[in-house]
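Peer 1: File query-v6.txt below, compact mmCIF, C-alpha atoms and all ligand atoms:
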# COMPACT_ATOMS: atom_id res chain seq x y z
CA MET A 1 -2.16 -10.72 -74.01
CA ASN A 2 -2.09 -10.02 -70.28
CA THR A 3 -5.50 -10.41 -68.59
CA GLU A 4 -4.34 -10.78 -64.98
CA ARG A 5 -6.68 -8.14 -63.54
CA SER A 6 -9.71 -9.73 -65.18
CA ARG A 7 -8.65 -13.15 -63.92
CA LYS A 8 -8.39 -11.89 -60.33
CA LEU A 9 -11.65 -9.95 -60.50
CA PHE A 10 -13.50 -13.04 -61.73
CA GLU A 11 -12.23 -15.00 -58.71
CA GLU A 12 -13.84 -12.34 -56.48
CA ALA A 13 -16.99 -12.18 -58.60
CA LYS A 14 -17.63 -15.91 -58.25
CA LYS A 15 -18.06 -15.43 -54.49
CA VAL A 16 -20.87 -12.91 -54.87
CA LEU A 17 -22.53 -13.56 -58.25
CA PRO A 18 -23.80 -16.99 -59.39
CA GLY A 19 -21.21 -18.22 -61.89
CA GLY A 20 -19.41 -14.90 -61.44
CA VAL A 21 -21.68 -13.01 -63.84
CA SER A 22 -25.01 -11.23 -64.14
CA SER A 23 -26.18 -13.10 -67.28
CA PRO A 24 -25.04 -16.62 -68.20
CA VAL A 25 -23.56 -16.15 -71.68
CA ARG A 26 -20.99 -13.71 -70.27
CA ALA A 27 -19.26 -16.47 -68.28
CA ILE A 28 -16.51 -16.97 -70.87
CA LYS A 29 -14.18 -19.82 -69.96
CA PRO A 30 -11.81 -19.77 -68.14
CA TYR A 31 -12.79 -16.19 -67.24
CA PRO A 32 -14.31 -13.18 -69.02
CA PHE A 33 -12.48 -9.93 -69.67
CA TYR A 34 -13.77 -6.99 -67.68
CA ALA A 35 -14.71 -3.92 -69.70
CA LYS A 36 -13.42 -0.50 -68.78
CA ARG A 37 -14.73 1.55 -71.68
CA ALA A 38 -15.92 1.27 -75.26
CA GLU A 39 -15.97 3.48 -78.33
CA GLY A 40 -17.23 2.79 -81.85
CA SER A 41 -16.36 -0.81 -82.74
CA LYS A 42 -13.94 -1.37 -79.85
CA ILE A 43 -13.95 -2.34 -76.18
CA LEU A 44 -11.02 -1.71 -73.85
CA ASP A 45 -10.56 -4.02 -70.86
CA ILE A 46 -9.21 -3.27 -67.36
CA ASP A 47 -5.81 -4.74 -68.31
CA GLY A 48 -5.49 -2.29 -71.20
CA ASN A 49 -6.25 -4.71 -74.06
CA GLU A 50 -8.38 -3.61 -76.99
CA TYR A 51 -10.92 -5.82 -78.79
CA ILE A 52 -12.86 -5.41 -82.03
CA ASP A 53 -16.38 -6.12 -80.82
CA TYR A 54 -18.81 -8.39 -82.72
CA VAL A 55 -21.00 -9.00 -79.68
CA MET A 56 -22.25 -5.42 -79.61
CA GLY A 57 -24.14 -5.91 -76.38
CA TYR A 58 -25.73 -9.07 -77.90
CA GLY A 59 -27.58 -7.02 -80.47
CA PRO A 60 -28.58 -3.53 -79.38
CA LEU A 61 -25.57 -1.57 -80.64
CA LEU A 62 -26.25 -1.36 -84.39
CA LEU A 63 -24.88 2.21 -84.27
CA GLY A 64 -21.75 1.13 -82.39
CA HIS A 65 -20.63 2.06 -78.88
CA ASN A 66 -21.13 5.65 -77.69
CA HIS A 67 -22.81 7.00 -80.80
CA PRO A 68 -22.84 10.79 -80.32
CA ALA A 69 -26.50 11.24 -81.34
CA ILE A 70 -27.70 8.77 -78.69
CA LYS A 71 -25.38 10.22 -76.08
CA GLU A 72 -26.63 13.73 -76.75
CA ALA A 73 -30.31 12.72 -76.62
CA VAL A 74 -29.86 10.87 -73.34
CA GLU A 75 -27.76 13.63 -71.76
CA ARG A 76 -30.42 16.17 -72.67
CA GLN A 77 -33.01 13.95 -70.95
CA PHE A 78 -30.81 13.48 -67.87
CA SER A 79 -30.76 17.21 -67.32
CA ASP A 80 -34.59 17.17 -67.10
CA GLY A 81 -34.83 14.14 -64.81
CA TRP A 82 -35.12 10.46 -65.62
CA LEU A 83 -38.29 9.06 -64.03
CA TYR A 84 -41.63 10.79 -63.54
CA GLY A 85 -44.37 8.22 -62.94
CA THR A 86 -46.62 10.21 -65.24
CA PRO A 87 -46.69 10.16 -69.06
CA THR A 88 -44.42 12.15 -71.36
CA GLU A 89 -44.77 13.47 -74.91
CA LEU A 90 -41.77 11.29 -75.80
CA GLU A 91 -43.75 8.04 -75.60
CA VAL A 92 -46.47 9.39 -77.88
CA ARG A 93 -43.88 10.49 -80.43
CA LEU A 94 -41.98 7.20 -80.33
CA ALA A 95 -45.22 5.21 -80.61
CA ARG A 96 -46.16 7.18 -83.74
CA GLU A 97 -42.75 6.56 -85.32
CA ILE A 98 -42.99 2.81 -84.73
CA ILE A 99 -46.56 2.61 -86.02
CA LYS A 100 -45.52 4.40 -89.23
CA LEU A 101 -42.78 1.83 -89.87
CA TYR A 102 -44.61 -1.41 -88.95
CA PRO A 103 -47.90 -1.87 -90.87
CA GLY A 104 -48.92 -4.68 -88.46
CA ILE A 105 -48.73 -2.33 -85.47
CA ASP A 106 -51.62 0.04 -84.64
CA MET A 107 -50.77 0.55 -80.96
CA VAL A 108 -47.85 -0.16 -78.63
CA ARG A 109 -47.10 -0.73 -74.94
CA PHE A 110 -43.57 0.22 -73.88
CA VAL A 111 -41.83 -2.08 -71.41
CA SER A 112 -38.21 -2.40 -70.28
CA THR A 113 -36.94 -5.63 -71.85
CA GLY A 114 -37.56 -8.07 -74.66
CA THR A 115 -38.50 -10.66 -72.06
CA GLU A 116 -41.34 -8.53 -70.78
CA ALA A 117 -42.41 -7.77 -74.34
CA THR A 118 -42.88 -11.43 -75.34
CA MET A 119 -44.46 -12.28 -71.99
CA GLY A 120 -46.98 -9.46 -72.45
CA ALA A 121 -47.62 -10.27 -76.11
CA LEU A 122 -48.41 -13.90 -75.30
CA ARG A 123 -50.73 -12.85 -72.50
CA ALA A 124 -52.51 -10.39 -74.79
CA ALA A 125 -52.89 -13.05 -77.52
CA ARG A 126 -54.35 -15.46 -75.00
CA GLY A 127 -56.65 -12.82 -73.55
CA PHE A 128 -57.80 -11.84 -77.02
CA THR A 129 -58.51 -15.36 -78.28
CA GLY A 130 -59.59 -16.96 -75.00
CA ARG A 131 -57.30 -19.89 -75.88
CA ASN A 132 -54.44 -21.37 -73.83
CA ARG A 133 -51.79 -22.94 -76.01
CA PHE A 134 -49.09 -21.33 -78.11
CA ILE A 135 -46.59 -22.67 -80.61
CA LYS A 136 -42.93 -21.70 -80.58
CA ILE A 137 -40.07 -22.75 -82.82
CA GLU A 138 -37.42 -25.15 -81.48
CA GLY A 139 -34.30 -23.11 -80.72
CA GLY A 140 -36.24 -19.86 -80.77
CA PHE A 141 -35.50 -17.62 -77.78
CA HIS A 142 -38.09 -15.24 -76.38
CA GLY A 143 -36.51 -14.18 -73.11
CA ALA A 144 -36.09 -15.92 -69.79
CA HIS A 145 -39.70 -16.33 -68.65
CA ASP A 146 -41.28 -19.64 -67.66
CA ALA A 147 -43.53 -20.49 -70.59
CA ALA A 148 -40.88 -19.66 -73.22
CA LEU A 149 -38.02 -21.67 -71.68
CA VAL A 150 -38.66 -24.85 -73.61
CA LYS A 151 -36.04 -25.91 -76.17
CA ALA A 152 -34.88 -22.31 -75.97
CA GLY A 153 -31.88 -20.97 -77.89
CA SER A 154 -29.26 -18.45 -76.73
CA GLY A 155 -27.44 -19.17 -73.47
CA ALA A 156 -29.94 -21.91 -72.66
CA THR A 157 -28.67 -24.01 -75.58
CA THR A 158 -25.03 -23.06 -75.04
CA LEU A 159 -25.18 -24.26 -71.46
CA GLY A 160 -27.15 -27.37 -72.37
CA ILE A 161 -30.21 -26.37 -70.34
CA PRO A 162 -32.79 -25.44 -72.96
CA ASN A 163 -35.43 -26.50 -70.44
CA SER A 164 -34.82 -24.63 -67.20
CA ALA A 165 -35.03 -26.19 -63.76
CA GLY A 166 -37.52 -24.45 -61.50
CA VAL A 167 -40.25 -24.30 -64.12
CA PRO A 168 -43.14 -26.60 -63.18
CA ALA A 169 -44.41 -28.77 -66.04
CA ASP A 170 -47.80 -27.18 -65.44
CA PHE A 171 -46.35 -23.87 -66.65
CA THR A 172 -45.06 -25.26 -69.95
CA LYS A 173 -47.75 -27.79 -70.83
CA ASN A 174 -49.35 -25.20 -73.11
CA THR A 175 -46.09 -24.52 -74.94
CA LEU A 176 -45.95 -26.52 -78.19
CA GLN A 177 -42.74 -26.85 -80.23
CA VAL A 178 -42.26 -27.23 -83.94
CA PRO A 179 -39.08 -27.24 -86.04
CA TYR A 180 -38.23 -24.12 -88.05
CA ASN A 181 -38.76 -24.26 -91.82
CA ASP A 182 -41.31 -27.05 -91.46
CA ILE A 183 -44.78 -25.81 -92.35
CA GLU A 184 -46.28 -29.32 -92.21
CA ALA A 185 -45.28 -29.65 -88.54
CA MET A 186 -46.92 -26.31 -87.77
CA ILE A 187 -50.14 -27.29 -89.56
CA GLU A 188 -50.20 -30.58 -87.61
CA ALA A 189 -49.72 -28.80 -84.29
CA ILE A 190 -52.48 -26.31 -85.03
CA GLU A 191 -54.85 -29.07 -86.13
CA ALA A 192 -54.03 -31.31 -83.18
CA TYR A 193 -55.06 -28.59 -80.73
CA LYS A 194 -57.68 -26.85 -82.82
CA GLU A 195 -59.68 -24.23 -80.97
CA ASP A 196 -57.00 -23.99 -78.28
CA VAL A 197 -53.98 -22.46 -80.07
CA ALA A 198 -53.85 -18.76 -79.20
CA ALA A 199 -50.62 -17.82 -80.94
CA VAL A 200 -47.56 -18.73 -82.92
CA ILE A 201 -44.53 -16.83 -81.61
CA MET A 202 -41.40 -16.88 -83.71
CA GLU A 203 -38.25 -15.03 -84.65
CA PRO A 204 -38.75 -14.54 -88.41
CA VAL A 205 -34.99 -15.14 -88.78
CA LEU A 206 -33.73 -17.38 -85.98
CA GLY A 207 -31.12 -15.26 -84.21
CA ASN A 208 -30.43 -17.15 -81.02
CA ILE A 209 -29.12 -20.35 -82.52
CA GLY A 210 -26.79 -18.51 -84.86
CA PRO A 211 -28.64 -16.85 -87.70
CA ILE A 212 -30.82 -19.39 -89.53
CA LEU A 213 -32.76 -18.01 -92.48
CA PRO A 214 -36.30 -18.88 -93.54
CA ASP A 215 -36.67 -21.05 -96.64
CA GLU A 216 -38.27 -19.34 -99.63
CA GLY A 217 -42.01 -19.03 -98.95
CA TYR A 218 -41.90 -20.39 -95.37
CA LEU A 219 -42.94 -17.16 -93.62
CA LYS A 220 -45.72 -16.63 -96.16
CA ASP A 221 -47.03 -20.13 -95.45
CA VAL A 222 -46.90 -19.45 -91.69
CA ARG A 223 -48.89 -16.28 -92.25
CA ALA A 224 -51.50 -18.13 -94.32
CA VAL A 225 -51.91 -21.01 -91.85
CA THR A 226 -52.24 -18.77 -88.81
CA GLU A 227 -54.72 -16.53 -90.55
CA GLU A 228 -56.91 -19.45 -91.67
CA ASN A 229 -57.09 -20.74 -88.09
CA ASP A 230 -57.51 -17.38 -86.31
CA VAL A 231 -54.20 -17.92 -84.56
CA VAL A 232 -52.40 -14.71 -83.56
CA LEU A 233 -49.03 -14.52 -85.35
CA ILE A 234 -46.42 -12.86 -83.13
CA PHE A 235 -43.15 -11.93 -84.81
CA ASP A 236 -40.52 -11.62 -82.10
CA GLU A 237 -38.36 -8.99 -83.75
CA VAL A 238 -36.31 -8.14 -80.67
CA ILE A 239 -33.19 -8.86 -82.77
CA THR A 240 -34.41 -8.25 -86.33
CA GLY A 241 -36.52 -5.14 -85.67
CA PHE A 242 -34.77 -1.97 -86.91
CA ARG A 243 -31.87 -4.23 -88.00
CA LEU A 244 -32.88 -6.03 -91.22
CA ALA A 245 -34.64 -2.84 -92.27
CA MET A 246 -36.39 0.05 -90.51
CA GLY A 247 -39.53 -2.10 -90.55
CA GLY A 248 -37.63 -5.23 -89.48
CA ALA A 249 -38.00 -8.69 -91.01
CA GLN A 250 -41.65 -7.99 -91.84
CA GLU A 251 -40.59 -5.17 -94.15
CA TYR A 252 -37.69 -7.23 -95.52
CA TYR A 253 -39.86 -10.26 -96.33
CA GLY A 254 -43.10 -8.36 -96.95
CA ILE A 255 -45.19 -10.16 -94.32
CA LYS A 256 -47.55 -8.54 -91.83
CA SER A 257 -47.85 -10.17 -88.39
CA ASP A 258 -50.73 -9.60 -85.94
CA MET A 259 -48.36 -8.72 -83.10
CA THR A 260 -44.71 -7.70 -82.98
CA THR A 261 -42.22 -7.51 -80.16
CA LEU A 262 -39.26 -5.14 -80.38
CA GLY A 263 -36.31 -4.25 -78.17
CA LYS A 264 -32.53 -4.29 -78.56
CA VAL A 265 -31.61 -2.00 -81.54
CA LEU A 266 -34.46 0.42 -80.79
CA GLY A 267 -32.99 1.33 -77.39
CA GLY A 268 -29.51 2.03 -78.78
CA GLY A 269 -28.05 0.32 -75.69
CA PHE A 270 -30.71 1.48 -73.21
CA HIS A 271 -33.35 -0.87 -71.84
CA ILE A 272 -36.47 -1.07 -73.93
CA GLY A 273 -39.12 -3.51 -75.03
CA VAL A 274 -42.21 -2.98 -77.18
CA ILE A 275 -45.44 -4.95 -77.38
CA GLY A 276 -47.11 -3.93 -80.64
CA GLY A 277 -50.06 -5.21 -82.59
CA ARG A 278 -53.44 -4.82 -84.19
CA ARG A 279 -55.76 -2.41 -82.43
CA GLU A 280 -58.37 -4.98 -81.36
CA ILE A 281 -55.69 -7.10 -79.67
CA MET A 282 -53.82 -4.20 -78.07
CA GLU A 283 -57.04 -2.76 -76.66
CA LYS A 284 -57.30 -5.88 -74.50
CA ILE A 285 -54.30 -4.60 -72.50
CA SER A 286 -54.92 -2.80 -69.20
CA PRO A 287 -56.21 -0.21 -68.50
CA SER A 288 -58.30 -0.32 -71.70
CA GLY A 289 -58.88 -4.09 -71.36
CA PRO A 290 -58.66 -7.03 -68.96
CA VAL A 291 -55.11 -8.29 -69.82
CA TYR A 292 -52.90 -6.98 -67.02
CA GLN A 293 -49.56 -5.42 -67.86
CA ALA A 294 -47.68 -2.81 -65.82
CA GLY A 295 -44.16 -1.66 -64.98
CA THR A 296 -42.40 1.04 -62.94
CA PHE A 297 -39.99 1.68 -65.82
CA ASN A 298 -42.47 1.34 -68.70
CA GLY A 299 -41.98 4.21 -71.15
CA SER A 300 -38.79 5.35 -69.37
CA PRO A 301 -38.09 8.87 -70.65
CA VAL A 302 -34.40 8.01 -71.06
CA SER A 303 -35.17 4.97 -73.23
CA MET A 304 -37.82 6.90 -75.17
CA SER A 305 -35.28 9.65 -75.94
CA ALA A 306 -32.73 7.06 -76.99
CA GLY A 307 -35.32 5.33 -79.20
CA LEU A 308 -36.25 8.55 -81.00
CA ALA A 309 -32.55 9.31 -81.56
CA VAL A 310 -31.94 5.77 -82.89
CA ILE A 311 -34.76 6.03 -85.44
CA ASP A 312 -33.61 9.48 -86.51
CA THR A 313 -29.99 8.34 -86.90
CA LEU A 314 -30.91 5.15 -88.78
CA LYS A 315 -32.72 7.31 -91.35
CA LYS A 316 -30.25 10.19 -91.57
CA GLU A 317 -27.10 8.13 -91.82
CA LYS A 318 -28.56 5.50 -94.20
CA VAL A 319 -27.35 2.93 -91.73
CA HIS A 320 -29.01 -0.15 -93.24
CA GLU A 321 -27.61 0.52 -96.69
CA LYS A 322 -24.09 0.83 -95.29
CA VAL A 323 -24.10 -1.93 -92.71
CA ASN A 324 -25.92 -4.43 -94.92
CA ARG A 325 -23.32 -3.84 -97.62
CA SER A 326 -20.49 -4.53 -95.11
CA GLY A 327 -22.34 -7.67 -94.06
CA ASP A 328 -22.63 -8.95 -97.65
CA SER A 329 -18.99 -8.29 -98.30
CA LEU A 330 -17.80 -9.89 -95.06
CA ARG A 331 -19.94 -13.01 -95.60
CA SER A 332 -18.71 -13.52 -99.14
CA ARG A 333 -15.06 -13.04 -98.11
CA LEU A 334 -15.49 -15.59 -95.33
CA SER A 335 -17.21 -18.05 -97.68
CA ASP A 336 -14.44 -17.76 -100.28
CA MET A 337 -11.78 -18.22 -97.64
CA ILE A 338 -13.47 -21.30 -96.17
CA ALA A 339 -13.73 -22.81 -99.66
CA ASP A 340 -10.01 -22.07 -100.26
CA LEU A 341 -9.12 -23.74 -96.96
CA GLY A 342 -11.18 -26.76 -98.00
CA LEU A 343 -13.23 -26.71 -94.78
CA ASP A 344 -16.79 -28.08 -94.67
CA TYR A 345 -18.01 -25.11 -92.64
CA SER A 346 -20.77 -22.71 -93.66
CA VAL A 347 -21.24 -18.97 -93.48
CA SER A 348 -24.74 -17.91 -92.53
CA GLY A 349 -26.38 -14.56 -92.01
CA ILE A 350 -28.34 -11.66 -93.38
CA SER A 351 -27.89 -7.88 -93.23
CA SER A 352 -25.60 -7.17 -90.26
CA MET A 353 -25.85 -10.68 -88.75
CA PHE A 354 -23.28 -13.38 -89.51
CA LYS A 355 -21.85 -16.62 -88.25
CA VAL A 356 -19.51 -19.38 -89.32
CA PHE A 357 -21.18 -22.68 -88.50
CA PHE A 358 -18.68 -25.46 -87.86
CA GLY A 359 -20.65 -27.87 -90.02
CA ASP A 360 -23.28 -27.88 -92.78
CA MET A 361 -25.64 -24.95 -93.19
CA PRO A 362 -28.46 -25.56 -90.68
CA ARG A 363 -32.14 -25.18 -91.56
CA ASN A 364 -33.35 -25.69 -87.99
CA TYR A 365 -32.36 -26.32 -84.36
CA GLN A 366 -31.60 -30.04 -84.74
CA ASP A 367 -29.26 -29.31 -87.66
CA ALA A 368 -27.48 -26.58 -85.69
CA LEU A 369 -26.84 -28.96 -82.78
CA LYS A 370 -24.70 -31.11 -85.13
CA CYS A 371 -22.00 -28.43 -85.39
CA ASP A 372 -18.59 -29.09 -83.88
CA THR A 373 -18.87 -26.91 -80.78
CA GLU A 374 -15.59 -28.12 -79.27
CA LYS A 375 -13.66 -26.89 -82.28
CA PHE A 376 -15.66 -23.69 -82.19
CA ASN A 377 -14.70 -23.09 -78.56
CA VAL A 378 -10.98 -23.48 -79.34
CA PHE A 379 -11.37 -21.12 -82.29
CA PHE A 380 -13.27 -18.60 -80.16
CA ARG A 381 -10.49 -18.45 -77.56
CA LYS A 382 -7.80 -17.97 -80.23
CA MET A 383 -9.77 -15.10 -81.75
CA LEU A 384 -10.23 -13.48 -78.34
CA SER A 385 -6.52 -13.75 -77.56
CA GLU A 386 -5.89 -11.85 -80.80
CA GLY A 387 -8.30 -9.07 -79.84
CA ILE A 388 -11.41 -10.18 -81.75
CA PHE A 389 -14.42 -10.44 -79.44
CA LEU A 390 -16.94 -12.86 -80.94
CA PRO A 391 -19.94 -14.17 -79.00
CA PRO A 392 -18.56 -17.08 -76.96
CA SER A 393 -20.90 -19.68 -78.42
CA GLN A 394 -21.51 -21.45 -81.72
CA TYR A 395 -25.14 -20.49 -81.14
CA GLU A 396 -24.96 -16.73 -80.73
CA THR A 397 -25.08 -14.40 -83.72
CA ASN A 398 -22.18 -12.05 -84.55
CA PHE A 399 -23.24 -8.46 -85.11
CA LEU A 400 -21.73 -5.79 -87.32
CA SER A 401 -22.36 -2.13 -86.58
CA LEU A 402 -22.14 1.22 -88.30
CA ALA A 403 -18.86 1.76 -86.44
CA HIS A 404 -16.98 -1.20 -87.95
CA SER A 405 -14.43 0.14 -90.44
CA GLU A 406 -12.85 -1.46 -93.51
CA ASP A 407 -9.70 -1.92 -91.43
CA ASP A 408 -11.64 -3.70 -88.66
CA ILE A 409 -13.14 -6.04 -91.22
CA ASP A 410 -9.80 -6.71 -92.98
CA MET A 411 -8.18 -7.56 -89.64
CA THR A 412 -11.10 -9.78 -88.75
CA VAL A 413 -11.01 -11.74 -92.01
CA GLU A 414 -7.25 -12.26 -91.59
CA ALA A 415 -7.76 -13.49 -88.03
CA TYR A 416 -10.50 -15.90 -89.19
CA GLN A 417 -8.14 -17.25 -91.84
CA ARG A 418 -5.21 -17.81 -89.43
CA ASN A 419 -7.34 -19.44 -86.78
CA LEU A 420 -9.63 -21.54 -88.96
CA LYS A 421 -6.52 -23.04 -90.51
C1 LIG A 501 -32.79 -10.94 -76.53
C2 LIG A 501 -34.08 -11.46 -76.97
C3 LIG A 501 -35.21 -11.46 -76.12
C4 LIG A 501 -35.11 -11.02 -74.69
O1 LIG A 501 -34.80 -9.67 -74.58
P1 LIG A 501 -34.19 -9.12 -73.19
O2 LIG A 501 -34.13 -7.63 -73.41
O3 LIG A 501 -32.84 -9.76 -73.05
O4 LIG A 501 -35.11 -9.52 -72.12
C5 LIG A 501 -36.42 -11.88 -76.63
N1 LIG A 501 -36.52 -12.30 -77.90
C6 LIG A 501 -35.47 -12.33 -78.73
C7 LIG A 501 -35.66 -12.79 -80.15
C8 LIG A 501 -34.21 -11.94 -78.29
O5 LIG A 501 -33.15 -12.03 -79.10
As a first step, turn the structure in this file into structure tokens.

Peer 2:
Amino acid sequence: MNTERSRKLFEEAKKVLPGGVSSPVRAIKPYPFYAKRAEGSKILDIDGNEYIDYVMGYGPLLLGHNHPAIKEAVERQFSDGWLYGTPTELEVRLAREIIKLYPGIDMVRFVSTGTEATMGALRAARGFTGRNRFIKIEGGFHGAHDAALVKAGSGATTLGIPNSAGVPADFTKNTLQVPYNDIEAMIEAIEAYKEDVAAVIMEPVLGNIGPILPDEGYLKDVRAVTEENDVVLIFDEVITGFRLAMGGAQEYYGIKSDMTTLGKVLGGGFHIGVIGGRREIMEKISPSGPVYQAGTFNGSPVSMSAGLAVIDTLKKEKVHEKVNRSGDSLRSRLSDMIADLGLDYSVSGISSMFKVFFGDMPRNYQDALKCDTEKFNVFFRKMLSEGIFLPPSQYETNFLSLAHSEDDIDMTVEAYQRNLK
């Protein structure tokens, strides 16, 4: 595979962009490939190579690249203008659609990113309860804002900086950490800081440390404990929302949270974030309440149009049924193959999320850190050189989309087999 143009461009990029990229996880070693265009399940690079894509924009592209329904909705909006600074009917319609699907959401505030959504949700929970502390899960990732960058997953773990420099200890002293799948630890943390824990924020399925699934009954226990202590339960469904099911992980597991954050899949590849929750909490948000939240691009008509088209397409094309079936089949083929090869690796995942952990099946962050990341990195580069684009980290989830065909999946399983051997 010739990637000479990408190599040269990265040399130039390093002079003008920190690390040569605009977001850390993209800094594939020794250099990333530069995209020229994408269609369906594939990306084409500037050297003319084609890749089957399992990164899918790190989550948003459940419908694949360039889905015609999203393209049409956005193009229609472009012809009417793309920023007004005054409300549109689109945001009212999209809000209603979301509220219908998520029983824990009575009202929403539209923002531009998942980062802003979790930042706003935490502020609202604190404003509502009048308490300061919040609990997050070790290895959980809630965007790149100060209070959440403690033992954070995603690129922070990959790069070995789960606690960012430049964040004063004063800003994170109210951030408590507990291991995933450990209800006793959560009860202890809540009891230790009784009367001062505003919220628990968690990804119901950990998605930023590879997919790690909740033990049977764990989410139900979290719901019970938070409710008993008047702690606001925030499900960060920026990955799982509209992916595990229309109603996200809360529909899939049958648990209602007090607040929910959404993003990624809902925007179909356009920037979006949603702060959602119970009416009495949401009414604390400005201008109806004292918790300040604002944004030039909040409720962007382009993103709202994309969001409506995503919801419509997910329903019409029975996307979850199809993609979840592909996911089940792919995971079981990978598991069988790994058993045949006699490797002590494990295949994790749910619905359209999957990952081969180079080690035992993890139940939490500490377990995941035991995986053989050096071997993973060698494997990753071999896969890339054969035209399979996986996320470049043991700790990022692989995503399937509606656009992945049987042929794509067959080729992928064969490539896994060759390169795991
Ligand atoms: C990606 C992600 C975020 C941050 O979203 P951005 O749009 O990248 O700011 C927050 N929470 C979770 C669970 C995520 O996966």

Peer 1: Can you tell me which residues surround Tyr345 of chain A at a distance of at most 6 Å, considering all atoms listed in the file, apart from same-chain residues fewer than 4 positions away, and format the answer as a list in words?

Peer 2: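 Contacts, with the query itself left out: Phe357, Phe358, Gly359 and Asp360 of chain A.
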
Peer 1: Just C-alpha atoms for this one: save the residues we selected as a CSV table (one decimal), in the frame of the given file.

Peer 2:
chain,number,residue,atom,x,y,z
A,357,PHE,CA,-21.2,-22.7,-88.5
A,358,PHE,CA,-18.7,-25.5,-87.9
A,359,GLY,CA,-20.6,-27.9,-90.0
A,360,ASP,CA,-23.3,-27.9,-92.8

Peer 1: Quick one: everything within 7 Å of Leu61 of chain A, counting only C-alpha atoms, minus sequence neighbours fewer than 3 positions away in the same chain. Send it as a list in words.

Peer 2: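 Contacts, with the query itself left out: Met56, Gly57, Gly64, His65, Val265, Gly268, Gly269 and Ser401 of chain A.
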
Peer 1: Kindly indicate which residue among A:Met1, A:Met202, A:Ala27, A:Ile272 lies nearest to Ala13 of chain A, using only C-alpha atoms for the distances.

Peer 2: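 Closest to Ala13 of chain A of all the choices is A:Ala27.
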
Peer 1: Could you name the residues that touch Asp340 of chain A at 12 Å or less, counting only C-alpha atoms, but leaving out those on the same chain fewer than 6 positions away, as a list of chain:residue names?

Peer 2: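 Answer for this query is A:Arg333, A:Leu334, A:Gln417, A:Leu420, A:Lys421.
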
Peer 1: Given only C-alpha atoms as the basis, pick out the residue of A:Ile239, A:Leu94, A:Met186, A:Ala35 nearest to Thr113 of chain A.

Peer 2: A:Ile239

Peer 1: Could you report the residues within 6 Å of ligand LIG 501 (chain A), using all atoms listed in the file, as a list in words?

Peer 2: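 Using all atoms listed in the file, I find these residues within 6 Å of ligand LIG 501 (chain A): Thr113, Gly114, Thr115, Phe141, His142, Gly143, Glu203, Asp236, Glu237, Val238 and Ile239 of chain A.
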
Peer 1: Excluding Lys322 of chain A and any residue of its chain fewer than 6 positions from it, enumerate the residues within 10 Å of it, using all atoms listed in the file, and give them as an MDAnalysis selection string.

Peer 2: chainID A and resid 351:352 401:402

Peer 1: Pick the closest to Leu233 of chain A from A:Gly210, A:Gly130, A:Gly85, A:Gly104: which is it, counting all atoms listed in the file?

Peer 2: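 For Leu233 of chain A, the nearest of the candidates is A:Gly104.
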
Peer 1: Of the residues A:Met119, A:Ala339, A:Val111, A:Val197, which is the one nearest to Lys264 of chain A, using only C-alpha atoms?

Peer 2: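 Result for the nearest residue to Lys264 of chain A: A:Val111.
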
Peer 1: Just checking: using all atoms listed in the file, which residue out of A:Val92, A:Val74, A:Ala169, A:Ile212 ends up closest to Gly153 of chain A?

Peer 2: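 Looking at the shortest contact to Gly153 of chain A, the residue is A:Ile212.
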
Peer 1: Using all atoms listed in the file, determine which residues lie at most 8 Å from segment 379-383 of chain A, disregarding the query and same-chain residues fewer than 6 positions distant; provide the list as a list in words.

Peer 2: Phe389, Leu390, Pro392, Ser393, Ala415, Tyr416, Asn419 and Leu420 of chain A

Peer 1: Between A:Ile255, A:Ala189, A:Ala121, A:Leu314, which residue has the minimum interatomic distance to Ile201 of chain A, considering all atoms listed in the file?

Peer 2: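 Counting all atoms listed in the file, the residue closest to Ile201 of chain A is A:Ala121.
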
Peer 1: What's the separation between atom CA of Ala124 of chain A and atom CA of Pro24 of chain A, in Å to one decimal place?

Peer 2: 28.9 Å

Peer 1: Would you mind reading off the distance between atom CA of Ser346 of chain A and atom CA of Asn398 of chain A, one decimal, in Å?

Peer 2: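 Taking atom CA of Ser346 of chain A as the start and atom CA of Asn398 of chain A as the end point, the length is 14.1 Å.
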
Peer 1: May I ask for the distance between atom CA of Glu227 of chain A and atom CA of Gly248 of chain A, given in Å to one decimal place?

Peer 2: 20.5 Å

Peer 1: At a cut-off of 12 Å around the point (-42.3, 5.3, -86.5) (file coordinates), what residues fall inside when counting all atoms listed in the file? I'd like the answer as a PyMOL selection string.

Peer 2: chain A and resi 91-103+105-108+241-242+246-248+266+276+307-312+314-315
